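S.K.: Just one file: protein_22.txt, with compact mmCIF, C-alpha atoms and all ligand atoms.
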```txt
# COMPACT_ATOMS: atom_id res chain seq x y z
CA MET C 9 -0.07 18.86 -109.13
CA SER C 10 -1.28 21.58 -111.50
CA ALA C 11 -3.17 24.54 -110.06
CA LEU C 12 -5.86 24.05 -112.66
CA SER C 13 -6.50 21.11 -114.89
CA LEU C 14 -9.00 20.68 -117.72
CA ARG C 15 -9.53 17.23 -119.20
CA GLY C 16 -11.41 16.57 -122.43
CA ILE C 17 -13.92 19.40 -122.17
CA THR C 18 -16.60 19.23 -124.84
CA LYS C 19 -19.55 21.55 -125.43
CA SER C 20 -22.16 21.81 -128.14
CA PHE C 21 -24.82 24.44 -128.68
CA SER C 22 -27.89 23.08 -130.48
CA GLY C 23 -25.93 20.29 -132.14
CA ASN C 24 -22.93 22.46 -133.08
CA ALA C 25 -19.72 21.21 -131.48
CA ILE C 26 -18.00 24.32 -130.09
CA LEU C 27 -15.39 22.71 -127.81
CA LYS C 28 -14.09 19.41 -129.12
CA GLY C 29 -12.18 17.94 -126.20
CA VAL C 30 -10.02 20.67 -124.71
CA SER C 31 -7.35 19.66 -122.19
CA LEU C 32 -5.16 22.21 -120.46
CA ASP C 33 -2.97 22.32 -117.35
CA VAL C 34 -2.12 25.59 -115.66
CA GLU C 35 0.76 25.43 -113.20
CA SER C 36 0.71 27.43 -109.98
CA GLY C 37 1.71 31.04 -110.56
CA GLU C 38 1.47 30.66 -114.31
CA PHE C 39 -0.02 33.18 -116.73
CA ILE C 40 -1.65 31.49 -119.73
CA ALA C 41 -2.95 33.48 -122.67
CA LEU C 42 -5.78 31.75 -124.49
CA VAL C 43 -5.95 33.01 -128.05
CA GLY C 44 -7.89 32.19 -131.16
CA PRO C 45 -10.12 33.79 -133.77
CA SER C 46 -13.55 35.15 -132.93
CA GLY C 47 -16.09 32.42 -132.27
CA CYS C 48 -13.57 29.65 -131.58
CA GLY C 49 -14.98 29.04 -128.09
CA LYS C 50 -12.68 31.02 -125.77
CA SER C 51 -15.44 32.65 -123.72
CA THR C 52 -17.39 29.40 -123.63
CA LEU C 53 -14.36 27.65 -122.12
CA LEU C 54 -13.89 30.37 -119.48
CA ARG C 55 -17.57 30.33 -118.55
CA ILE C 56 -17.39 26.57 -118.07
CA LEU C 57 -14.28 26.97 -115.93
CA ALA C 58 -15.99 29.58 -113.78
CA GLY C 59 -19.05 27.36 -113.38
CA LEU C 60 -21.33 29.77 -115.24
CA ASP C 61 -22.02 27.09 -117.83
CA HIS C 62 -21.71 23.30 -117.90
CA ALA C 63 -19.53 21.16 -120.14
CA ASP C 64 -21.16 18.22 -121.93
CA GLN C 65 -18.18 16.07 -121.02
CA GLY C 66 -14.86 16.45 -119.30
CA GLU C 67 -13.42 17.30 -115.96
CA ILE C 68 -12.22 20.43 -114.19
CA VAL C 69 -9.83 20.13 -111.25
CA ILE C 70 -8.72 23.20 -109.28
CA GLY C 71 -6.12 22.79 -106.55
CA GLY C 72 -6.66 19.03 -106.61
CA GLU C 73 -10.41 19.33 -106.14
CA ASP C 74 -12.95 18.17 -108.73
CA MET C 75 -15.23 21.11 -109.53
CA SER C 76 -18.11 19.25 -111.14
CA ALA C 77 -20.35 19.44 -108.08
CA ILE C 78 -19.17 22.88 -106.96
CA ALA C 79 -21.29 25.95 -107.70
CA ALA C 80 -19.81 29.02 -109.37
CA ALA C 81 -19.94 31.07 -106.18
CA ASP C 82 -17.93 28.48 -104.24
CA ARG C 83 -15.12 27.98 -106.76
CA ASN C 84 -13.01 30.89 -105.47
CA ILE C 85 -12.45 32.07 -109.01
CA ALA C 86 -12.26 35.75 -109.93
CA MET C 87 -13.39 36.65 -113.40
CA VAL C 88 -13.19 39.86 -115.41
CA PHE C 89 -15.38 40.09 -118.46
CA GLN C 90 -15.12 42.15 -121.58
CA SER C 91 -18.34 43.87 -120.54
CA TYR C 92 -17.46 44.92 -117.00
CA ALA C 93 -20.57 44.89 -114.84
CA LEU C 94 -20.11 47.51 -112.13
CA TYR C 95 -22.88 48.33 -109.66
CA PRO C 96 -24.10 51.70 -110.97
CA HIS C 97 -25.30 53.02 -107.58
CA LEU C 98 -21.98 52.34 -105.82
CA THR C 99 -18.83 54.43 -106.08
CA ALA C 100 -15.66 52.97 -107.59
CA GLY C 101 -14.28 52.40 -104.10
CA GLN C 102 -17.45 50.62 -102.96
CA ASN C 103 -17.47 48.51 -106.10
CA ILE C 104 -13.90 47.37 -105.50
CA ALA C 105 -14.73 46.62 -101.85
CA VAL C 106 -17.68 44.31 -102.65
CA PRO C 107 -15.77 41.01 -102.95
CA LEU C 108 -13.79 41.77 -99.78
CA ALA C 109 -16.91 42.67 -97.80
CA MET C 110 -18.60 39.47 -98.96
CA ARG C 111 -15.70 37.38 -97.73
CA ARG C 112 -14.61 39.17 -94.58
CA LEU C 113 -17.83 40.48 -93.05
CA SER C 114 -20.71 38.43 -91.68
CA GLY C 115 -24.28 39.00 -92.84
CA THR C 116 -25.13 41.22 -89.87
CA GLN C 117 -21.85 43.13 -90.10
CA ARG C 118 -22.79 44.05 -93.67
CA LEU C 119 -26.15 45.53 -92.69
CA PRO C 120 -26.36 49.31 -93.16
CA PHE C 121 -26.20 51.28 -89.89
CA VAL C 122 -26.88 48.23 -87.63
CA GLY C 123 -23.73 46.56 -88.92
CA SER C 124 -21.47 49.23 -87.46
CA PHE C 125 -22.48 48.14 -83.93
CA VAL C 126 -21.48 44.52 -84.46
CA PRO C 127 -18.08 43.82 -82.81
CA GLY C 128 -15.13 43.72 -85.18
CA GLN C 129 -16.95 45.42 -88.02
CA ARG C 130 -15.03 48.71 -87.84
CA THR C 131 -11.60 47.07 -87.81
CA THR C 132 -12.52 44.87 -90.77
CA ARG C 133 -13.99 47.82 -92.68
CA ALA C 134 -10.80 49.80 -92.11
CA ALA C 135 -8.68 46.88 -93.37
CA ILE C 136 -10.90 46.60 -96.45
CA ALA C 137 -10.57 50.32 -97.14
CA ARG C 138 -6.76 49.98 -96.93
CA ASP C 139 -6.72 47.08 -99.39
CA VAL C 140 -9.03 48.92 -101.79
CA LYS C 141 -6.82 51.99 -101.65
CA GLU C 142 -3.68 49.98 -102.32
CA MET C 143 -5.24 48.10 -105.23
CA ALA C 144 -6.57 51.34 -106.71
CA LYS C 145 -3.12 52.90 -106.45
CA SER C 146 -1.47 50.12 -108.37
CA LEU C 147 -4.01 50.51 -111.18
CA LYS C 148 -3.77 54.32 -110.96
CA ILE C 149 -7.44 54.87 -110.19
CA ASP C 150 -7.08 56.04 -106.57
CA HIS C 151 -8.30 59.52 -107.56
CA LEU C 152 -11.56 57.98 -108.83
CA LEU C 153 -12.63 56.06 -105.74
CA ASP C 154 -15.51 58.43 -104.89
CA ARG C 155 -16.99 58.52 -108.38
CA LYS C 156 -19.88 56.42 -109.58
CA PRO C 157 -19.57 54.41 -112.83
CA GLY C 158 -21.69 56.98 -114.69
CA GLN C 159 -19.03 59.63 -113.96
CA MET C 160 -16.13 57.67 -115.42
CA SER C 161 -14.86 56.93 -118.94
CA GLY C 162 -15.12 53.42 -120.40
CA GLY C 163 -11.43 52.83 -119.79
CA GLN C 164 -11.67 53.99 -116.18
CA ARG C 165 -14.65 51.74 -115.55
CA GLN C 166 -12.73 48.83 -116.96
CA ARG C 167 -9.85 49.46 -114.58
CA VAL C 168 -12.27 49.59 -111.67
CA ALA C 169 -13.68 46.23 -112.77
CA LEU C 170 -10.14 44.88 -112.98
CA ALA C 171 -9.36 46.22 -109.50
CA ARG C 172 -12.51 44.62 -108.12
CA ALA C 173 -11.47 41.24 -109.49
CA MET C 174 -7.86 41.50 -108.42
CA VAL C 175 -8.38 42.87 -104.91
CA ARG C 176 -8.69 39.46 -103.33
CA GLN C 177 -6.60 36.30 -103.68
CA PRO C 178 -8.69 33.82 -105.61
CA SER C 179 -7.32 30.37 -106.53
CA VAL C 180 -7.64 31.20 -110.22
CA PHE C 181 -8.06 34.37 -112.27
CA LEU C 182 -10.04 34.29 -115.47
CA MET C 183 -9.90 37.35 -117.69
CA ASP C 184 -11.91 37.60 -120.87
CA GLU C 185 -10.56 40.41 -123.05
CA PRO C 186 -10.37 42.77 -120.08
CA LEU C 187 -8.60 45.50 -122.04
CA SER C 188 -10.72 45.55 -125.15
CA ASN C 189 -12.36 48.88 -124.36
CA LEU C 190 -9.12 50.75 -123.78
CA ASP C 191 -7.38 52.86 -126.40
CA ALA C 192 -4.08 51.59 -127.78
CA ASN C 193 -1.80 53.51 -125.39
CA LEU C 194 -3.72 52.75 -122.25
CA ARG C 195 -3.96 49.14 -123.33
CA VAL C 196 -0.20 48.70 -123.55
CA HIS C 197 0.13 50.38 -120.16
CA ALA C 198 -2.58 48.21 -118.58
CA ARG C 199 -0.94 45.05 -119.96
CA GLY C 200 2.18 45.89 -118.01
CA GLU C 201 0.16 46.50 -114.86
CA ILE C 202 -1.69 43.20 -115.09
CA VAL C 203 1.55 41.30 -115.60
CA GLU C 204 3.10 43.12 -112.64
CA LEU C 205 0.09 42.45 -110.39
CA HIS C 206 0.15 38.84 -111.47
CA ARG C 207 3.85 38.56 -110.68
CA ARG C 208 3.26 39.91 -107.19
CA ALA C 209 0.15 37.88 -106.34
CA GLY C 210 1.19 34.70 -108.17
CA VAL C 211 -2.40 33.62 -108.81
CA PRO C 212 -2.66 31.27 -111.81
CA THR C 213 -4.34 33.16 -114.61
CA VAL C 214 -6.08 32.34 -117.87
CA TYR C 215 -6.26 35.45 -120.00
CA VAL C 216 -8.38 35.44 -123.14
CA THR C 217 -7.51 37.74 -125.99
CA HIS C 218 -7.68 37.67 -129.74
CA ASP C 219 -4.75 40.06 -129.91
CA GLN C 220 -1.73 37.90 -130.68
CA ALA C 221 0.76 40.61 -129.68
CA GLU C 222 -0.90 40.92 -126.29
CA ALA C 223 -0.72 37.15 -125.82
CA LEU C 224 2.93 36.87 -126.83
CA SER C 225 4.01 39.82 -124.71
CA MET C 226 2.16 38.92 -121.50
CA ALA C 227 2.02 35.16 -121.11
CA ASP C 228 4.30 32.47 -119.73
CA ARG C 229 2.61 30.10 -122.15
CA VAL C 230 0.19 30.68 -124.99
CA ALA C 231 -2.69 28.31 -125.77
CA VAL C 232 -3.87 28.61 -129.36
CA MET C 233 -7.43 27.43 -129.88
CA ILE C 234 -8.89 27.16 -133.35
CA GLY C 235 -12.20 25.57 -134.29
CA GLY C 236 -12.79 24.19 -130.80
CA ASN C 237 -9.42 22.42 -130.57
CA LEU C 238 -6.37 23.46 -128.64
CA LEU C 239 -3.74 23.27 -131.37
CA GLN C 240 -0.68 24.17 -129.31
CA LEU C 241 0.27 25.20 -125.78
CA ALA C 242 3.80 26.50 -125.49
CA SER C 243 5.99 29.47 -124.62
CA PRO C 244 5.52 32.59 -126.77
CA GLN C 245 8.85 31.93 -128.46
CA VAL C 246 8.02 28.33 -129.39
CA ILE C 247 4.58 29.39 -130.65
CA TYR C 248 6.27 31.94 -132.89
CA ASP C 249 9.41 30.07 -133.99
CA ASP C 250 8.16 26.53 -133.98
CA PRO C 251 4.40 26.36 -134.61
CA ALA C 252 2.98 22.83 -134.66
CA HIS C 253 0.14 23.67 -137.03
CA ILE C 254 -0.28 26.04 -139.94
CA GLU C 255 -3.15 27.85 -138.23
CA VAL C 256 -0.92 28.57 -135.25
CA ALA C 257 1.74 29.93 -137.61
CA ARG C 258 -0.87 32.12 -139.29
CA PHE C 259 -2.36 33.38 -136.06
CA VAL C 260 0.83 34.88 -134.59
CA GLY C 261 3.19 37.39 -136.13
CA GLN C 262 2.63 40.78 -137.71
CA PRO C 263 2.81 41.07 -140.70
CA ARG C 264 1.51 37.55 -140.99
CA ILE C 265 3.61 34.63 -142.08
CA ASN C 266 4.00 33.92 -145.81
CA VAL C 267 2.29 30.70 -146.85
CA VAL C 268 2.54 29.44 -150.42
CA PRO C 269 1.38 26.17 -151.97
CA ALA C 270 4.29 23.87 -152.75
CA LEU C 271 5.04 20.34 -153.81
CA ALA C 272 7.12 17.72 -152.04
CA GLU C 273 8.52 15.01 -154.29
CA ASN C 274 10.62 12.38 -152.57
CA GLY C 275 11.20 14.95 -149.89
CA LEU C 276 12.34 17.76 -152.16
CA VAL C 277 10.24 20.90 -151.87
CA SER C 278 9.53 23.06 -154.89
CA PHE C 279 6.98 25.49 -156.18
CA GLY C 280 6.30 26.64 -159.71
CA GLY C 281 8.99 24.20 -160.81
CA ILE C 282 11.66 25.89 -158.67
CA ARG C 283 13.60 23.76 -156.17
CA LEU C 284 13.94 25.45 -152.81
CA GLY C 285 16.97 23.77 -151.25
CA LEU C 286 14.68 22.33 -148.65
CA GLN C 287 13.99 18.76 -147.69
CA ALA C 288 10.75 17.69 -146.01
CA TYR C 289 10.23 14.35 -144.38
CA ILE C 290 7.27 13.06 -146.34
CA ALA C 291 7.14 10.09 -148.69
CA GLY C 292 6.17 10.17 -152.37
CA ARG C 293 4.53 13.15 -153.98
CA ALA C 294 2.42 15.42 -151.81
CA ASP C 295 0.92 18.88 -151.83
CA VAL C 296 2.34 20.86 -148.94
CA SER C 297 2.48 24.47 -147.79
CA LEU C 298 5.70 26.35 -147.46
CA ALA C 299 5.71 29.00 -144.75
CA ILE C 300 8.32 31.61 -143.94
CA ARG C 301 8.15 34.67 -141.72
CA PRO C 302 8.59 38.04 -143.47
CA GLU C 303 11.80 38.78 -141.54
CA PHE C 304 13.48 35.79 -143.21
CA VAL C 305 12.70 36.96 -146.73
CA ARG C 306 15.53 39.16 -148.03
CA LEU C 307 16.47 40.88 -151.26
CA ALA C 308 19.19 39.08 -153.20
CA ASN C 309 21.63 40.80 -155.53
CA ALA C 310 21.80 38.26 -158.33
CA PRO C 311 18.76 36.62 -160.01
CA GLN C 312 20.32 33.15 -159.65
CA ASP C 313 20.32 33.60 -155.85
CA GLY C 314 16.57 33.61 -155.38
CA LEU C 315 13.04 33.92 -156.67
CA ALA C 316 11.97 36.45 -159.25
CA ALA C 317 9.19 38.77 -158.06
CA HIS C 318 7.71 42.21 -158.57
CA VAL C 319 7.06 44.74 -155.84
CA GLU C 320 3.32 45.38 -155.54
CA ARG C 321 3.18 47.67 -152.55
CA ILE C 322 5.50 49.22 -149.96
CA GLU C 323 4.57 50.15 -146.40
CA PHE C 324 6.96 52.42 -144.55
CA LEU C 325 6.60 51.91 -140.79
CA GLY C 326 9.46 53.98 -139.47
CA SER C 327 11.97 51.44 -138.21
CA GLU C 328 10.98 48.87 -140.82
CA VAL C 329 9.67 48.63 -144.33
CA ILE C 330 7.17 46.01 -145.45
CA LEU C 331 7.42 44.90 -149.06
CA TYR C 332 4.52 43.07 -150.69
CA CYS C 333 5.95 41.21 -153.68
CA LYS C 334 4.25 39.01 -156.25
CA LEU C 335 6.24 35.90 -157.13
CA ASP C 336 6.59 35.67 -160.91
CA ALA C 337 6.47 31.86 -160.95
CA ILE C 338 3.22 31.30 -159.05
CA GLY C 339 1.56 34.71 -158.72
CA GLU C 340 1.40 34.48 -154.91
CA ILE C 341 2.25 37.38 -152.63
CA MET C 342 5.40 37.11 -150.52
CA ILE C 343 5.92 39.68 -147.79
CA ALA C 344 9.41 40.83 -146.81
CA LYS C 345 10.18 42.81 -143.67
CA LEU C 346 13.27 44.93 -144.26
CA THR C 347 15.16 47.75 -142.63
CA PRO C 348 14.81 51.14 -144.33
CA ALA C 349 18.44 50.77 -145.46
CA GLU C 350 17.76 47.40 -147.11
CA ALA C 351 14.68 48.80 -148.82
CA SER C 352 16.25 52.03 -150.03
CA GLY C 353 15.83 52.57 -153.76
CA ILE C 354 13.00 50.04 -154.00
CA SER C 355 9.72 51.25 -155.44
CA ALA C 356 6.40 49.74 -156.45
CA GLY C 357 6.45 47.89 -159.78
CA MET C 358 10.17 47.09 -159.59
CA PRO C 359 11.46 43.58 -160.29
CA VAL C 360 13.34 42.09 -157.34
CA THR C 361 14.93 38.80 -156.37
CA LEU C 362 13.78 37.33 -153.06
CA SER C 363 15.92 34.92 -151.11
CA LEU C 364 14.36 32.75 -148.42
CA SER C 365 16.60 31.42 -145.64
CA PRO C 366 16.06 27.66 -146.05
CA GLY C 367 16.83 27.10 -142.37
CA LYS C 368 13.89 29.31 -141.44
CA ALA C 369 11.31 27.91 -143.86
CA MET C 370 8.63 25.59 -142.48
CA VAL C 371 6.66 22.93 -144.29
CA PHE C 372 3.12 21.90 -143.40
CA ALA C 373 1.18 18.90 -144.65
CA GLU C 374 -2.24 19.21 -146.28
CA ASP C 375 -3.97 18.59 -142.94
CA GLY C 376 -2.10 21.59 -141.49
CA ASN C 377 0.30 19.63 -139.32
CA ARG C 378 3.95 20.60 -139.33
CA LEU C 379 6.36 18.38 -141.23
CA GLN C 380 9.95 18.08 -140.20
CA ALA C 381 12.12 19.85 -142.75
CA SER C 382 15.75 20.84 -143.09
CA PRO C 383 17.90 22.75 -145.55
CA LEU C 384 19.44 20.54 -148.20
CA THR C 385 23.16 20.11 -148.15
CA VAL C 386 24.90 20.43 -151.51
CA ASP C 387 25.75 16.73 -151.43
CA ALA C 388 22.17 15.72 -150.89
CA THR C 389 21.02 17.92 -153.77
CA LEU C 390 23.48 16.23 -156.10
CA GLU C 391 22.63 12.80 -154.82
CA ARG C 392 18.94 13.39 -155.46
CA ALA C 393 19.59 14.89 -158.87
CA HIS C 394 21.58 11.84 -159.92
CA GLY C 395 19.48 9.28 -158.13
N1 LIG Q 1 -25.50 30.27 -125.30
C1 LIG Q 1 -25.17 30.00 -126.57
N2 LIG Q 1 -26.08 29.44 -127.42
C2 LIG Q 1 -25.76 29.14 -128.68
N3 LIG Q 1 -24.55 29.36 -129.22
C3 LIG Q 1 -23.62 29.93 -128.45
C4 LIG Q 1 -23.86 30.28 -127.08
N4 LIG Q 1 -22.75 30.80 -126.57
C5 LIG Q 1 -21.83 30.79 -127.56
N5 LIG Q 1 -22.35 30.26 -128.70
C6 LIG Q 1 -21.62 30.05 -129.96
O1 LIG Q 1 -20.44 29.32 -129.69
C7 LIG Q 1 -19.36 29.79 -130.47
C8 LIG Q 1 -18.20 30.19 -129.56
O2 LIG Q 1 -18.56 31.34 -128.83
P1 LIG Q 1 -17.58 32.06 -127.83
O3 LIG Q 1 -18.29 33.21 -127.25
O4 LIG Q 1 -17.02 31.05 -126.90
O5 LIG Q 1 -16.44 32.54 -128.84
P2 LIG Q 1 -15.12 33.41 -128.52
O6 LIG Q 1 -13.96 32.57 -128.94
O7 LIG Q 1 -15.16 33.92 -127.15
O8 LIG Q 1 -15.26 34.61 -129.59
P3 LIG Q 1 -14.90 36.18 -129.43
O9 LIG Q 1 -13.41 36.28 -129.67
O10 LIG Q 1 -15.67 36.81 -130.54
O11 LIG Q 1 -15.32 36.63 -128.08
C9 LIG Q 1 -19.90 30.92 -131.32
O12 LIG Q 1 -20.19 30.42 -132.59
C10 LIG Q 1 -21.16 31.34 -130.60
O13 LIG Q 1 -22.10 31.85 -131.50
MG MG Q 2 -15.36 35.84 -126.30
```
How would this structure read if it were set down as structure tokens?
M.R.:
Amino acid sequence: MSALSLRGITKSFSGNAILKGVSLDVESGEFIALVGPSGCGKSTLLRILAGLDHADQGEIVIGGEDMSAIAAADRNIAMVFQSYALYPHLTAGQNIAVPLAMRRLSGTQRLPFVGSFVPGQRTTRAAIARDVKEMAKSLKIDHLLDRKPGQMSGGQRQRVALARAMVRQPSVFLMDEPLSNLDANLRVHARGEIVELHRRAGVPTVYVTHDQAEALSMADRVAVMIGGNLLQLASPQVIYDDPAHIEVARFVGQPRINVVPALAENGLVSFGGIRLGLQAYIAGRADVSLAIRPEFVRLANAPQDGLAAHVERIEFLGSEVILYCKLDAIGEIMIAKLTPAEASGISAGMPVTLSLSPGKAMVFAEDGNRLQASPLTVDATLERAHG
């Protein structure tokens, strides 16, 4: 049984279909990154999961229990939003303690002053303080526990909000861009902390981000949602190496994947009249897209070994060099990611020959779905040429 299961969730806002039948299973202890461009419905899906909004259709099952009749407060879900809502009159420590106090203390035990005379209150309060301290330590905010939100930076407030959500053991964690207000360095650091906390607590997590690098680096599996559909749910490596849809291929990878219009004729792929040594499994004559990641585009020595192009722009990034080249045959840009050694002596405006590893090229049909493709063997090329 999955820890969390979504079946055919649909949602429209004033006639606009935002979620078009999303199904997703999260296994126990799993960390799922939900990614997709702005406006694709990520937050809407999380809000529905948390019970803050209702789906038009579909089913949500958490720990084997159907959630449709269960109110948000009773779902035992912890959620961190992009806009962290801390109580401004409480200190960081008190903010973090709120969810624990709500669960562990009775109504009378929580009363100011009077509560301290109710049996058991002091012991429970002490245990809560210990848990808060420990949580704060692991997020490196233990020195801030006595400050109020107004006395902290945006990044510090966000970590307090994160600590408040993570201090108890919910059945599911939902995080909606929880690191978006942090600067780049702190963000990378906080990613590591969240992954570490997740590993220790083992609570199934759905983590929304539109940062593909964050998704690939943190998640067990990545769910790519585009236009209200979940296009692929797979490990980061499969999402990167073996995308099922052209939009998935485009969404991950930096610099982004090269996509050029191509033609498949009886399975042979070409563009601008140039055969590519690649066979796609599609009948007849069809417009397709050829996609190849920049790391599989190399410079060839001899013109007959590749595609003629001109260098438009060079970006030096330290350990790598990004070459933006315009293909002479079709005028499209092809990006190559090279080592500084490979790129030495290359300058803007220069003619170059690009070779694409046929084994690494991908072919997508007009509807965006991946087509099976494989490098042509020499025999097959000849056979086709004569047949
Ligand atoms: N309450 C609402 N009423 C009407 N439209 C809404 C409502 N909530 C969201 N939408 C619309 O639904 C679409 C999806 O919104 P959502 O907030 O889920 O996107 P998102 O994927 O989280 O985007 P982002 O990455 O920018 O946060 C958007 O077009 C948004 O304008
Ligand atoms: Mg959102």
S.K.: Please provide as a ChimeraX atom specification all residues within 9 Å of Lys368 of chain C, with the sequence filter that same-chain residues fewer than 6 positions apart are discarded (counting all atoms listed in the file).
M.R.: /C:249,299-301,304,382-383
S.K.: For the contact check between chain C and ligand MG 2 (chain Q), emit one row per residue of chain C within 12 Å, containing the shortest atom pair and the distance in Å rounded to one decimal, counting all atoms listed in the file, chain then rising number order, as a Markdown table.
M.R.:
```
| residue | atom | partner | partner_atom | distance |
| --- | --- | --- | --- | --- |
| C:Leu42 | CA | Q:MG2 | MG | 10.6 |
| C:Val43 | CA | Q:MG2 | MG | 10.0 |
| C:Gly44 | CA | Q:MG2 | MG | 9.6 |
| C:Pro45 | CA | Q:MG2 | MG | 9.4 |
| C:Ser46 | CA | Q:MG2 | MG | 6.9 |
| C:Gly47 | CA | Q:MG2 | MG | 6.9 |
| C:Cys48 | CA | Q:MG2 | MG | 8.3 |
| C:Gly49 | CA | Q:MG2 | MG | 7.0 |
| C:Lys50 | CA | Q:MG2 | MG | 5.5 |
| C:Ser51 | CA | Q:MG2 | MG | 4.1 |
| C:Thr52 | CA | Q:MG2 | MG | 7.3 |
| C:Leu53 | CA | Q:MG2 | MG | 9.2 |
| C:Leu54 | CA | Q:MG2 | MG | 8.9 |
| C:Arg55 | CA | Q:MG2 | MG | 9.8 |
| C:Val88 | CA | Q:MG2 | MG | 11.8 |
| C:Phe89 | CA | Q:MG2 | MG | 8.9 |
| C:Gln90 | CA | Q:MG2 | MG | 7.9 |
| C:Ser91 | CA | Q:MG2 | MG | 10.3 |
| C:Met183 | CA | Q:MG2 | MG | 10.3 |
| C:Asp184 | CA | Q:MG2 | MG | 6.7 |
| C:Glu185 | CA | Q:MG2 | MG | 7.4 |
| C:Pro186 | CA | Q:MG2 | MG | 10.6 |
| C:Ser188 | CA | Q:MG2 | MG | 10.8 |
| C:Tyr215 | CA | Q:MG2 | MG | 11.1 |
| C:Val216 | CA | Q:MG2 | MG | 7.7 |
| C:Thr217 | CA | Q:MG2 | MG | 8.1 |
| C:His218 | CA | Q:MG2 | MG | 8.6 |
| C:Asp219 | CA | Q:MG2 | MG | 12.0 |
```
S.K.: Considering all atoms listed in the file, can you say which of C:Leu331, C:Leu284, C:Val232, C:Leu12 comes closest to ligand LIG 1 (chain Q)?
M.R.: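 Of all the options, C:Val232 lies closest to ligand LIG 1 (chain Q).
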S.K.: Considering all atoms listed in the file, state which residue in the set C:Ile70, C:Ala58, C:Val256, C:Ala349 is at the smallest distance from Ser10 of chain C.
M.R.: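 Checking each of C:Ile70, C:Ala58, C:Val256, C:Ala349 against Ser10 of chain C, counting all atoms listed in the file, the winner is C:Ile70.
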S.K.: List the spatial neighbours of Leu119 of chain C as a list in words - criterion: any atom at most 12 Å away, all atoms listed in the file, same-chain residues fewer than 5 positions off excluded.
M.R.: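 The residues that qualify are Ala109, Met110, Leu113, Ser114, Ser124, Phe125, Val126 and Gln129 of chain C.
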S.K.: Store the residues of this selection in a file with C-alpha atoms, as an mmCIF file, in the coordinates of the input.
M.R.:
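Here's the written file again34.cif:
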```
data_model
loop_
_atom_site.group_PDB
_atom_site.id
_atom_site.type_symbol
_atom_site.label_atom_id
_atom_site.label_comp_id
_atom_site.auth_asym_id
_atom_site.auth_seq_id
_atom_site.Cartn_x
_atom_site.Cartn_y
_atom_site.Cartn_z
ATOM 1 C CA ALA C 109 -16.910 42.670 -97.800
ATOM 2 C CA MET C 110 -18.600 39.470 -98.960
ATOM 3 C CA LEU C 113 -17.830 40.480 -93.050
ATOM 4 C CA SER C 114 -20.710 38.430 -91.680
ATOM 5 C CA SER C 124 -21.470 49.230 -87.460
ATOM 6 C CA PHE C 125 -22.480 48.140 -83.930
ATOM 7 C CA VAL C 126 -21.480 44.520 -84.460
ATOM 8 C CA GLN C 129 -16.950 45.420 -88.020
#
```
S.K.: Please provide as a list in words all residues within 9 Å of Ile136 of chain C, with the sequence filter that same-chain residues fewer than 5 positions apart are discarded (counting all atoms listed in the file).
M.R.: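 In the requested form, the answer reads Ala105, Leu108, Ala109, Arg112, Thr131 and Lys141 of chain C.
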S.K.: Go through C:Ser363, C:Ser243, C:Ser327, C:Ser297 one by one, measure the shortest atom-to-atom distance of each to Ala381 of chain C using all atoms listed in the file, and give the residue with the smallest value.
M.R.: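 Of C:Ser363, C:Ser243, C:Ser327, C:Ser297, the one nearest Ala381 of chain C, counting all atoms listed in the file, is C:Ser297.
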S.K.: Using all atoms listed in the file, collect all residues at a distance of at most 8 Å from (-22.9, 22.7, -114.3) as written in the file, then present them as JSON, numbers by chain.
M.R.: {"C": [56, 59, 60, 61, 62, 63, 76, 77, 79]}
S.K.: Give as an mmCIF file with C-alpha atoms, in the coordinates of the input the set of residues within 6 Å of the point (-12.1, 37.3, -109.4), where distances use the file's coordinates and all atoms listed in the file.
M.R.:
```
data_model
loop_
_atom_site.group_PDB
_atom_site.id
_atom_site.type_symbol
_atom_site.label_atom_id
_atom_site.label_comp_id
_atom_site.auth_asym_id
_atom_site.auth_seq_id
_atom_site.Cartn_x
_atom_site.Cartn_y
_atom_site.Cartn_z
ATOM 1 C CA ILE C 85 -12.450 32.070 -109.010
ATOM 2 C CA ALA C 86 -12.260 35.750 -109.930
ATOM 3 C CA MET C 87 -13.390 36.650 -113.400
ATOM 4 C CA ALA C 173 -11.470 41.240 -109.490
ATOM 5 C CA PHE C 181 -8.060 34.370 -112.270
#
```
S.K.: So how far away is atom CA of Arg229 of chain C from atom CA of Ala41 of chain C, in Å?
M.R.: 6.5 Å
S.K.: Select, from C:Ile322, C:Ala252, C:Val329, C:Pro269, the residue with the minimum atom-to-atom distance to Arg378 of chain C, counting all atoms listed in the file.
M.R.: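 For Arg378 of chain C, the nearest of the candidates is C:Ala252.
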S.K.: Taking all atoms listed in the file into account, name the residue in C:Gly123, C:Gly236, C:Gly29, C:Pro178 that is nearest to ligand LIG 1 (chain Q).
M.R.: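 Closest candidate: C:Gly236.
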S.K.: Put a box with edges along x, y and z around all the listed atoms of ligand LIG 1 (chain Q), pad it by 5 Å on each side, then give me its centre and sizes in Å, one decimal, as JSON.
M.R.:
```
{"center_x": -19.7, "center_y": 33.0, "center_z": -128.9, "size_x": 22.7, "size_y": 17.7, "size_z": 17.3}
```
S.K.: Near Gln287 of chain C, counting all atoms listed in the file, which residues have an atom at most 9 Å away, once you skip same-chain residues fewer than 2 positions from it, shown as a short mmCIF file (atom, residue, chain, number, x, y, z; two decimals) with C-alpha atoms, in the frame of the given file?
M.R.:
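Below is the file out.cif, written as the result:
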```cif
data_model
loop_
_atom_site.label_atom_id
_atom_site.label_comp_id
_atom_site.auth_asym_id
_atom_site.auth_seq_id
_atom_site.Cartn_x
_atom_site.Cartn_y
_atom_site.Cartn_z
CA ALA C 272 7.12 17.72 -152.04
CA ASN C 274 10.62 12.38 -152.57
CA GLY C 275 11.20 14.95 -149.89
CA LEU C 276 12.34 17.76 -152.16
CA VAL C 277 10.24 20.90 -151.87
CA LEU C 284 13.94 25.45 -152.81
CA GLY C 285 16.97 23.77 -151.25
CA TYR C 289 10.23 14.35 -144.38
CA ILE C 290 7.27 13.06 -146.34
CA GLN C 380 9.95 18.08 -140.20
CA ALA C 381 12.12 19.85 -142.75
CA SER C 382 15.75 20.84 -143.09
CA PRO C 383 17.90 22.75 -145.55
CA LEU C 384 19.44 20.54 -148.20
#
```
